[in-house]
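Below is one structure, written out as structure tokens; comments come after it.
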Amino acid sequence: MSEFTAACVQLRSGKNIAENIEQCSDLIRQAADAGARFIQTPEMSNVLVRSRDELMERIAFEDDDMTVGRLRKLAAELGVWIQIGSIAIRFGDKVANRGFLLSPEGGIVARYSKIHMFDVDLPNGESWRESATYEPGTKTVIADLPWARLGMAICYDVRFPAIFRAQARQGADILSAPAAFTRQTGEAHWHVLQRARAIENGAYVISAAQGGRHEDGRETYGHSLIVDPWGVVIGELDHDEPGFLTAVIKPEETGKARQRIPAIANERDFSVEIVRQVQEAMN
């Protein structure tokens, strides 16, 4: 397996889809000019809108979605692989938070719909109910790149290690969790979660992010990351401004990490025993 250069594109998506596509396309071009052959964008690359009604007015079904169409053409023009971290698309009377893997020919190689919905009330007063708007996915997705095998996930999925372990068991060398992490949760957990998924699976983790204060008022953390299979951050945008980063991916490092710490090979099935005799023991 030969090495290649990967890139994360960091965005600050607003409400205007056409403007978001232009910014995203410009940064993808810059990353390709810098030598990247695999380029990932963040979660919600096409639009970030709090209001469900406003979101539904702006987005389209997949076949008519301008973001997918434009980035397919761009992938073919530049001859690069593009992982659209995710976009919001119509899905019946709900919305799918869906990522796409695009080939250098402009084809759609894989689709992944976010499985886990972020439903939470935060101490700072923020409240999120993704399940009220989005239809969750039901399957994890792995796709072969020319250099390695890629596991696809989105944002909140990174808190559910079983997805990434299942992908690693199926030979995924690269894991991904493109995101729109809130600033509060990002400051607390972003780096440690990305590094943990890399370490426990002996895999690269590539996660492009949204960053800064958005048009709809939310704040996202930024800090797009690429982590190697030993848990070392080899690429980071150490801020929340739009931009891109690149890092060299050496797929053979995955095998080396899994030989040094054979956690996947050493896994064993187990059962859970619950002991409910505390009160009796106290008596």
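Chain labels follow the order of the structure tokens: the first chain is A, the next B, and so on; residue numbering restarts at 1 in every chain, and ligands are counted from 1 in their shown order.
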
- Message: According to DSSP computed on the backbone, where in range 38-250 of chain A is there strand (DSSP E)? Give the residues as an MDAnalysis selection string.
- Response: chainID A and resid 38:40 81:91 94:102 108:113 119:121 127:129 141:144 149:152 174:176 204:207 211:213 219:221 225:227 233:236 243:249

Name all residues at most 9 Å from Pro146 in chain A (count only C-alpha atoms; drop same-chain ones fewer than 2 positions away) and give them as a PDB file with C-alpha atoms, in the first residue's frame.
```
ATOM      1  CA  MET A   1       0.000   0.000   0.000  1.00  0.00           C
ATOM      2  CA  SER A   2       1.506   3.296  -1.114  1.00  0.00           C
ATOM      3  CA  ASP A 144     -12.019   0.984  -0.607  1.00  0.00           C
ATOM      4  CA  ALA A 148      -6.472   1.947   1.943  1.00  0.00           C
ATOM      5  CA  ARG A 149      -9.910   1.070   3.293  1.00  0.00           C
TER       6      ARG A 149
END
```

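Put simply, CA of Pro161 in chain A is 26.6 Å away from CA of Phe244 in chain A.
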
- Leaving out range 199-201 of chain A and any residue of its chain fewer than 3 positions from it, which residues lie within 12 Å of it when counting only C-alpha atoms, given as a PyMOL selection string? chain A and resi 151+161-175+192-196+204-205+227-233+254-267

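Proximity of A:Ala76, A:Met66, A:Ala179, A:Ile39 to Glu19 in chain A, computed with only C-alpha atoms, is greatest for A:Met66.
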
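For the choices A:Glu3, A:Glu22, A:Asp64, A:Glu57, the atom-to-atom distance to Arg37 in chain A is smallest for A:Glu3 when using only C-alpha atoms.
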
With the cut-off set at 9 Å and counting only C-alpha atoms, tabulate each residue of range 21-66 of chain A with an atom at most that distance from an atom of range 89-95 of chain A, showing the nearest atom pair and its distance in Å to one decimal, ordered by chain and increasing number, as CSV.
```
residue,atom,partner,partner_atom,distance
A:Leu55,CA,A:Val95,CA,8.9
A:Met56,CA,A:Arg90,CA,7.2
A:Ile59,CA,A:Ile89,CA,5.7
A:Ala60,CA,A:Arg90,CA,5.4
A:Phe61,CA,A:Arg90,CA,4.6
A:Glu62,CA,A:Ile89,CA,6.1
A:Asp65,CA,A:Ile89,CA,7.3
```

Go ahead and save the residues from that selection, with C-alpha atoms, as an mmCIF file, in the first residue's frame.
```cif
data_model
loop_
_atom_site.group_PDB
_atom_site.id
_atom_site.type_symbol
_atom_site.label_atom_id
_atom_site.label_comp_id
_atom_site.auth_asym_id
_atom_site.auth_seq_id
_atom_site.Cartn_x
_atom_site.Cartn_y
_atom_site.Cartn_z
ATOM 1 C CA LEU A 55 -33.805 24.128 6.492
ATOM 2 C CA MET A 56 -36.529 22.282 4.594
ATOM 3 C CA ILE A 59 -32.402 21.801 0.801
ATOM 4 C CA ALA A 60 -33.266 19.347 -1.982
ATOM 5 C CA PHE A 61 -33.532 15.625 -2.589
ATOM 6 C CA GLU A 62 -30.247 13.941 -3.437
ATOM 7 C CA ASP A 65 -28.807 18.585 -4.690
#
```

- The residue from A:Thr5, A:Leu145, A:Gly211, A:Gly69 with the smallest atom-to-atom distance to Met44 in chain A, counting only C-alpha atoms, is A:Gly211

- Would you return as a PyMOL selection string the members of range 75-188 of chain A that DSSP assigns to alpha helix (DSSP H) on this structure's backbone? chain A and resi 75-78+161-169+183-188

- Tell me which protein, DNA and RNA residues are within 10 Å of Lys73 in chain A, counting only C-alpha atoms, leaving out same-chain ones fewer than 6 positions away, and put them as an MDAnalysis selection string. chainID A and resid 79 102 104:107

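CA of Leu74 in chain A is positioned 27.8 Å from CA of Asp216 in chain A.
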
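With only C-alpha atoms as the basis for measurement, A:Ala34 is the residue among A:Arg58, A:Ile82, A:Gln10, A:Ala34 that approaches Val248 in chain A most closely.
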
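Shortest atom-to-atom contact with Arg197 in chain A among A:Ala31, A:Ile226, A:Ala209, A:Val158: A:Val158, counting only C-alpha atoms.
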
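In terms of minimum interatomic distance to Ile17 in chain A, A:Asn46 ranks closest within A:Asn46, A:Thr41, A:Arg29, A:Thr220, counting only C-alpha atoms.
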
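Note that the spacing between CA of Gly125 in chain A and CA of Asp53 in chain A amounts to 22.0 Å.
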